[in-house]
$ cat start-v3.cif   # mmCIF, C-alpha atoms
data_query
#
loop_
_atom_site.label_atom_id
_atom_site.label_comp_id
_atom_site.auth_asym_id
_atom_site.auth_seq_id
_atom_site.Cartn_x
_atom_site.Cartn_y
_atom_site.Cartn_z
CA MET A 7 31.31 15.30 -64.24
CA ARG A 8 33.84 17.38 -62.36
CA LEU A 9 34.68 14.38 -60.16
CA ARG A 10 35.69 12.32 -63.22
CA ASP A 11 35.00 8.61 -62.76
CA TYR A 12 32.97 8.95 -59.57
CA SER A 13 29.74 10.64 -60.66
CA GLU A 14 28.61 7.74 -62.87
CA THR A 15 29.19 5.04 -60.28
CA ILE A 16 28.44 6.51 -56.86
CA PRO A 17 26.77 9.67 -55.48
CA LYS A 18 29.09 12.47 -54.40
CA PRO A 19 28.57 11.89 -50.63
CA LEU A 20 30.12 8.42 -51.05
CA VAL A 21 33.31 9.66 -52.74
CA GLU A 22 36.06 8.67 -50.34
CA VAL A 23 38.39 10.94 -48.41
CA GLY A 24 41.08 8.58 -47.21
CA PHE A 25 39.37 5.30 -46.28
CA ARG A 26 35.84 6.61 -45.72
CA PRO A 27 33.27 8.57 -47.77
CA ILE A 28 33.02 12.30 -47.21
CA LEU A 29 29.53 11.64 -45.81
CA TRP A 30 31.09 9.49 -43.05
CA HIS A 31 33.61 12.22 -42.21
CA LEU A 32 30.83 14.77 -41.93
CA MET A 33 28.65 12.53 -39.76
CA LYS A 34 31.66 11.68 -37.58
CA TYR A 35 32.24 15.42 -37.15
CA TYR A 36 28.65 16.01 -36.00
CA ALA A 37 28.75 12.95 -33.72
CA HIS A 38 31.90 14.29 -32.07
CA TYR A 39 29.83 17.26 -30.90
CA GLY A 40 27.05 15.01 -29.60
CA HIS A 41 24.71 15.12 -32.60
CA LYS A 42 24.22 11.43 -33.35
CA GLU A 43 20.68 11.34 -34.76
CA PHE A 44 20.87 11.61 -38.54
CA ILE A 45 18.28 11.88 -41.28
CA LEU A 46 19.66 11.15 -44.75
CA CYS A 47 17.59 12.84 -47.47
CA LEU A 48 18.18 10.38 -50.28
CA GLY A 49 17.80 10.86 -54.03
CA HIS A 50 20.42 9.99 -56.64
CA GLY A 51 22.38 6.95 -55.51
CA ALA A 52 20.01 6.17 -52.64
CA SER A 53 20.59 2.42 -52.84
CA ALA A 54 24.36 2.88 -52.76
CA ILE A 55 24.16 4.96 -49.59
CA LYS A 56 21.81 2.46 -47.94
CA ASN A 57 24.07 -0.44 -48.86
CA TYR A 58 27.15 1.33 -47.56
CA PHE A 59 25.69 1.44 -44.06
CA LEU A 60 23.93 -1.93 -44.25
CA LYS A 61 27.29 -3.54 -45.09
CA TYR A 62 29.35 -1.22 -42.91
CA ASP A 63 32.75 -2.65 -41.95
CA GLU A 64 34.13 -1.20 -38.71
CA THR A 65 37.47 -2.92 -39.17
CA VAL A 66 38.41 -0.43 -41.91
CA THR A 67 39.03 2.42 -39.46
CA ASN A 68 39.22 0.66 -36.09
CA ASP A 69 41.86 -1.50 -34.40
CA PHE A 70 40.83 -5.12 -33.91
CA THR A 71 42.11 -8.56 -32.90
CA TYR A 72 41.94 -11.38 -35.46
CA SER A 73 41.95 -14.99 -34.28
CA GLU A 74 40.81 -18.50 -35.16
CA GLY A 75 41.51 -17.89 -38.83
CA GLY A 76 39.00 -15.06 -38.97
CA LYS A 77 36.20 -16.77 -37.10
CA ASN A 78 36.73 -14.39 -34.20
CA ILE A 79 37.16 -10.66 -34.80
CA GLU A 80 37.25 -8.50 -31.66
CA LEU A 81 37.03 -4.76 -32.20
CA LEU A 82 39.23 -2.79 -29.80
CA ARG A 83 37.05 0.27 -30.29
CA ARG A 84 33.73 0.97 -31.98
CA ASP A 85 32.93 3.44 -34.65
CA ILE A 86 29.26 4.28 -35.27
CA VAL A 87 27.54 1.96 -32.82
CA ASP A 88 25.72 4.86 -31.11
CA TRP A 89 24.53 6.56 -34.31
CA HIS A 90 20.81 6.58 -35.12
CA ILE A 91 20.29 6.98 -38.88
CA THR A 92 16.96 7.42 -40.66
CA PHE A 93 16.99 6.83 -44.41
CA VAL A 94 14.29 8.71 -46.34
CA ASP A 95 13.75 8.68 -50.10
CA THR A 96 13.07 12.35 -50.83
CA GLY A 97 12.96 12.07 -54.63
CA ARG A 98 15.63 11.84 -57.28
CA HIS A 99 15.00 15.34 -58.65
CA SER A 100 13.75 17.19 -55.54
CA THR A 101 15.13 20.59 -54.59
CA ILE A 102 16.96 21.09 -51.30
CA GLY A 103 13.91 22.77 -49.79
CA GLU A 104 11.61 19.97 -50.90
CA ARG A 105 13.94 17.36 -49.39
CA LEU A 106 13.71 19.13 -46.03
CA ARG A 107 9.92 19.32 -46.29
CA ARG A 108 9.73 15.58 -46.91
CA VAL A 109 11.60 14.73 -43.70
CA ARG A 110 9.74 17.20 -41.50
CA HIS A 111 7.87 14.35 -39.79
CA CYS A 112 11.20 12.77 -38.81
CA ILE A 113 12.35 15.85 -36.92
CA GLY A 114 9.61 15.41 -34.36
CA ASN A 115 9.19 18.21 -31.84
CA ASP A 116 12.79 19.41 -31.90
CA GLU A 117 12.85 23.18 -31.96
CA VAL A 118 16.23 23.38 -33.69
CA PHE A 119 17.83 21.03 -36.20
CA LEU A 120 20.98 21.08 -38.31
CA ALA A 121 21.36 20.48 -42.04
CA ASN A 122 24.23 20.10 -44.46
CA TYR A 123 24.82 19.69 -48.19
CA ALA A 124 27.04 16.67 -47.37
CA ASP A 125 29.84 17.64 -49.74
CA GLY A 126 32.05 19.88 -47.59
CA LEU A 127 34.11 19.78 -44.39
CA SER A 128 35.10 22.37 -41.79
CA ASP A 129 36.85 22.76 -38.44
CA LEU A 130 34.01 24.99 -37.19
CA LYS A 131 33.50 24.79 -33.42
CA LEU A 132 29.98 23.45 -33.75
CA ASP A 133 28.98 23.87 -30.09
CA ASP A 134 29.65 27.61 -30.15
CA TYR A 135 27.92 27.97 -33.49
CA VAL A 136 24.75 26.20 -32.35
CA ASP A 137 24.66 27.96 -28.96
CA SER A 138 24.86 31.35 -30.63
CA PHE A 139 22.01 30.47 -32.97
CA VAL A 140 19.80 29.10 -30.18
CA LYS A 141 20.21 32.35 -28.22
CA SER A 142 19.28 34.47 -31.25
CA ASP A 143 15.85 35.30 -32.62
CA LYS A 144 16.72 34.06 -36.11
CA LEU A 145 14.94 31.21 -37.86
CA ALA A 146 17.93 30.13 -39.93
CA CYS A 147 21.65 30.66 -40.23
CA PHE A 148 24.50 29.35 -42.35
CA LEU A 149 28.26 29.75 -42.71
CA SER A 150 29.55 32.54 -44.89
CA VAL A 151 33.02 31.61 -46.17
CA PRO A 152 35.53 33.21 -48.57
CA SER A 153 35.11 32.14 -52.17
CA PRO A 154 37.42 29.18 -52.79
CA HIS A 155 37.74 29.78 -56.53
CA THR A 156 41.02 30.66 -58.20
CA PHE A 157 39.41 32.87 -60.83
CA HIS A 158 40.07 36.61 -61.09
CA ILE A 159 37.61 39.49 -60.94
CA VAL A 160 38.17 41.75 -63.95
CA ASN A 161 37.62 45.49 -63.53
CA THR A 162 37.59 47.72 -66.61
CA ASP A 163 36.89 51.31 -67.53
CA ALA A 164 34.30 52.49 -70.05
CA ALA A 165 36.68 51.85 -72.95
CA GLY A 166 37.24 48.25 -71.89
CA ASP A 167 40.77 48.79 -70.66
CA VAL A 168 41.56 46.61 -67.66
CA THR A 169 42.07 48.65 -64.50
CA SER A 170 42.73 45.75 -62.13
CA LEU A 171 42.65 41.99 -61.72
CA ASP A 172 41.69 40.75 -58.27
CA ALA A 173 41.78 37.12 -57.15
CA VAL A 174 38.29 36.05 -56.11
CA ALA A 175 39.69 34.32 -53.03
CA ARG A 176 41.19 37.63 -51.82
CA SER A 177 38.14 39.72 -52.60
CA PRO A 178 35.24 40.60 -50.25
CA VAL A 179 33.12 38.03 -52.13
CA ARG A 180 31.78 35.36 -49.77
CA ILE A 181 29.64 32.33 -50.47
CA ASN A 182 27.15 30.15 -48.66
CA GLY A 183 29.22 27.36 -47.08
CA GLY A 184 26.23 25.41 -45.77
CA PHE A 185 26.38 24.05 -42.19
CA PHE A 186 22.84 25.23 -41.54
CA ALA A 187 21.18 25.68 -38.16
CA LEU A 188 17.39 25.94 -38.54
CA ARG A 189 14.28 26.36 -36.42
CA ARG A 190 11.22 24.27 -37.15
CA GLU A 191 9.27 27.51 -37.85
CA LEU A 192 11.20 27.64 -41.11
CA PHE A 193 8.72 25.16 -42.56
CA ASP A 194 6.02 27.84 -42.33
CA PHE A 195 7.95 29.80 -44.95
CA MET A 196 8.36 26.88 -47.37
CA ASN A 197 6.07 25.82 -50.19
CA PRO A 198 6.13 22.50 -52.07
CA GLY A 199 8.88 22.22 -54.65
CA GLU A 200 10.77 25.34 -53.61
CA ASP A 201 14.51 25.52 -53.17
CA LEU A 202 15.78 26.47 -49.72
CA VAL A 203 17.82 29.53 -50.67
CA LEU A 204 15.88 30.97 -53.59
CA GLU A 205 12.42 31.31 -52.02
CA PRO A 206 12.16 30.54 -48.25
CA PHE A 207 15.39 32.35 -47.39
CA GLN A 208 14.23 35.39 -49.36
CA ARG A 209 11.13 35.53 -47.17
CA LEU A 210 13.29 35.32 -44.05
CA ILE A 211 15.48 38.15 -45.34
CA GLU A 212 12.42 40.40 -45.58
CA ARG A 213 11.70 39.71 -41.90
CA LYS A 214 15.37 39.92 -40.80
CA LYS A 215 15.26 36.32 -39.61
CA LEU A 216 18.23 34.98 -41.57
CA LYS A 217 21.82 35.23 -40.35
CA ALA A 218 25.11 34.50 -42.13
CA VAL A 219 27.93 33.65 -39.76
CA ALA A 220 31.25 34.77 -41.24
CA TYR A 221 33.87 32.07 -40.86
CA ASP A 222 37.47 32.30 -42.05
CA GLY A 223 38.73 29.04 -40.56
CA PHE A 224 39.09 25.81 -42.49
CA TRP A 225 36.31 25.06 -44.94
CA GLN A 226 36.66 22.91 -48.03
CA ASN A 227 33.99 21.56 -50.32
CA MET A 228 34.51 18.63 -52.68
CA ASP A 229 33.27 19.94 -55.99
CA THR A 230 36.05 18.72 -58.28
CA PHE A 231 38.62 15.94 -58.49
CA LYS A 232 41.25 18.47 -57.42
CA ASP A 233 39.28 19.11 -54.21
CA LYS A 234 39.25 15.37 -53.50
CA VAL A 235 43.03 15.16 -53.98
CA THR A 236 43.47 18.10 -51.60
CA LEU A 237 41.38 16.44 -48.88
CA ASP A 238 43.09 13.09 -49.41
CA ALA A 239 46.49 14.74 -48.92
CA MET A 240 45.35 16.26 -45.63
CA VAL A 241 44.28 12.86 -44.30
CA GLU A 242 47.51 11.29 -45.53
CA ARG A 243 49.60 13.80 -43.54
CA GLY A 244 47.64 13.24 -40.36
CA PRO A 245 44.26 14.23 -38.94
CA GLY A 246 42.54 16.66 -41.26
CA PRO A 247 41.47 20.03 -39.77
CA TRP A 248 37.86 18.80 -39.63
CA GLN A 249 38.77 15.61 -37.74
CA ALA A 250 38.07 16.99 -34.27
CA TRP A 251 38.00 13.39 -32.99
CA GLY A 252 41.75 13.34 -33.63
CA GLU A 253 42.23 10.27 -35.85
#
$ encode --input "start-v3.cif" --output "structure tokens"
Amino acid sequence: MRLRDYSETIPKPLVEVGFRPILWHLMKYYAHYGHKEFILCLGHGASAIKNYFLKYDETVTNDFTYSEGGKNIELLRRDIVDWHITFVDTGRHSTIGERLRRVRHCIGNDEVFLANYADGLSDLKLDDYVDSFVKSDKLACFLSVPSPHTFHIVNTDAAGDVTSLDAVARSPVRINGGFFALRRELFDFMNPGEDLVLEPFQRLIERKKLKAVAYDGFWQNMDTFKDKVTLDAMVERGPGPWQAWGE
């Protein structure tokens, strides 16, 4: 509802930033760092996401030569030709944790895998982030980012008189920004139907196996129409901060 006309017609990951959906921008970001095997945990709008890739048009964001009245189109560069995407229906109403459980078989024997909510972008140096996690003894980690909200924290005394008003964005309050790095052992801490953060992560906290990586660089989710306008403006001015591929 907060994205106005979009929520009724397409799933949030397909809402466009510039000429491509935010999902494409995120996958392009991961591919830039060499992570080109994707598993899409589909639910609401699954058919729309499948059709987007099945009918993918590389001419939208790539230079090409047009000849013979359109009979011959020669791409001067390719876009996603080396991506390997697995589409898995994980249930329309499944929790985040349950969606991960349902694609466990697709991960194979990989010790470490990455996950994302698919509705936010960042200029995080992914190589450094993953290397640090691999060298640790943690089973999961995620980005901890400053709260993006423009609300104010209200502090009062016992009588209800306001003692201070502090902008949430300038307070010590931090939120889970996603961009997860996870070890396959995480599945041992997950039960059917559970959310990722509410139950499995709580078990990891008890064992000191969960790490939050504080990050104060660029991070922007797309939760409202205003967020979309903000991201669109960044692309319009030039490469957005997350566009490490430089286009």
$ resolve_selection --input "start-v3.cif" --expression "the PyMOL selection byres ((chain A and resi 82) around 6)" --output "ChimeraX atom specification"
/A:69-70,81,83
$ residues_near_point --input "start-v3.cif" --point "(36.9, 22.9, -49.2)" --cutoff "8 Å" --atoms "only C-alpha atoms" --output "PyMOL selection string"
chain A and resi 126-128+154+224-228+233+237
$ write_last_selection --input "start-v3.cif" --atoms "C-alpha atoms" --output "PDB file, in the frame of the given file"
ATOM      1  CA  GLY A 126      32.050  19.880 -47.590  1.00  0.00           C
ATOM      2  CA  LEU A 127      34.110  19.780 -44.390  1.00  0.00           C
ATOM      3  CA  SER A 128      35.100  22.370 -41.790  1.00  0.00           C
ATOM      4  CA  PRO A 154      37.420  29.180 -52.790  1.00  0.00           C
ATOM      5  CA  PHE A 224      39.090  25.810 -42.490  1.00  0.00           C
ATOM      6  CA  TRP A 225      36.310  25.060 -44.940  1.00  0.00           C
ATOM      7  CA  GLN A 226      36.660  22.910 -48.030  1.00  0.00           C
ATOM      8  CA  ASN A 227      33.990  21.560 -50.320  1.00  0.00           C
ATOM      9  CA  MET A 228      34.510  18.630 -52.680  1.00  0.00           C
ATOM     10  CA  ASP A 233      39.280  19.110 -54.210  1.00  0.00           C
ATOM     11  CA  LEU A 237      41.380  16.440 -48.880  1.00  0.00           C
TER      12      LEU A 237
END
$ axis_aligned_box --input "start-v3.cif" --around "region 110-113 of chain A" --padding-each-side "6 Å" --output "AutoDock Vina command-line options"
--center_x 10.1 --center_y 15.0 --center_z -39.2 --size_x 16.5 --size_y 16.4 --size_z 16.6
$ resolve_selection --input "start-v3.cif" --expression "the PyMOL selection byres ((chain A and resi 65) around 12)" --output "short mmCIF file (atom, residue, chain, number, x, y, z; two decimals) with C-alpha atoms, in the frame of the given file"
data_model
loop_
_atom_site.label_atom_id
_atom_site.label_comp_id
_atom_site.auth_asym_id
_atom_site.auth_seq_id
_atom_site.Cartn_x
_atom_site.Cartn_y
_atom_site.Cartn_z
CA PHE A 25 39.37 5.30 -46.28
CA ARG A 26 35.84 6.61 -45.72
CA LYS A 61 27.29 -3.54 -45.09
CA TYR A 62 29.35 -1.22 -42.91
CA ASP A 63 32.75 -2.65 -41.95
CA GLU A 64 34.13 -1.20 -38.71
CA VAL A 66 38.41 -0.43 -41.91
CA THR A 67 39.03 2.42 -39.46
CA ASN A 68 39.22 0.66 -36.09
CA ASP A 69 41.86 -1.50 -34.40
CA PHE A 70 40.83 -5.12 -33.91
CA THR A 71 42.11 -8.56 -32.90
CA TYR A 72 41.94 -11.38 -35.46
CA ILE A 79 37.16 -10.66 -34.80
CA GLU A 80 37.25 -8.50 -31.66
CA LEU A 81 37.03 -4.76 -32.20
CA LEU A 82 39.23 -2.79 -29.80
CA ARG A 83 37.05 0.27 -30.29
CA ARG A 84 33.73 0.97 -31.98
CA ASP A 85 32.93 3.44 -34.65
CA ILE A 86 29.26 4.28 -35.27
#
$ resolve_selection --input "start-v3.cif" --expression "the PyMOL selection byres ((chain A and resi 55) around 10)" --output "MDAnalysis selection string"
chainID A and resid 16:17 19:20 27 29 46 48:54 56:60 93
$ residues_around --input "start-v3.cif" --residues "Ser150 (chain A)" --least-positions-apart "5" --cutoff "8 Å" --atoms "all atoms listed in the file" --output "ChimeraX atom specification"
/A:180-184,218-221
$ residues_around --input "start-v3.cif" --residues "Leu210 (chain A)" --least-positions-apart "2" --cutoff "9 Å" --atoms "all atoms listed in the file" --output "ChimeraX atom specification"
/A:144-146,192,195,205-208,212-216
$ residues_around --input "start-v3.cif" --residues "region 117-125 of chain A" --least-positions-apart "4" --cutoff "8 Å" --atoms "all atoms listed in the file" --output "MDAnalysis selection string"
chainID A and resid 18:19 28:29 32 113 140 184:190 227:229
$ atom_distance --input "start-v3.cif" --atom1 "CA of Val23 (chain A)" --atom2 "CA of Val241 (chain A)"
7.4 Å
$ atom_distance --input "start-v3.cif" --atom1 "CA of His99 (chain A)" --atom2 "CA of Glu22 (chain A)"
23.6 Å
$ atom_distance --input "start-v3.cif" --atom1 "CA of Trp248 (chain A)" --atom2 "CA of Met33 (chain A)"
11.1 Å
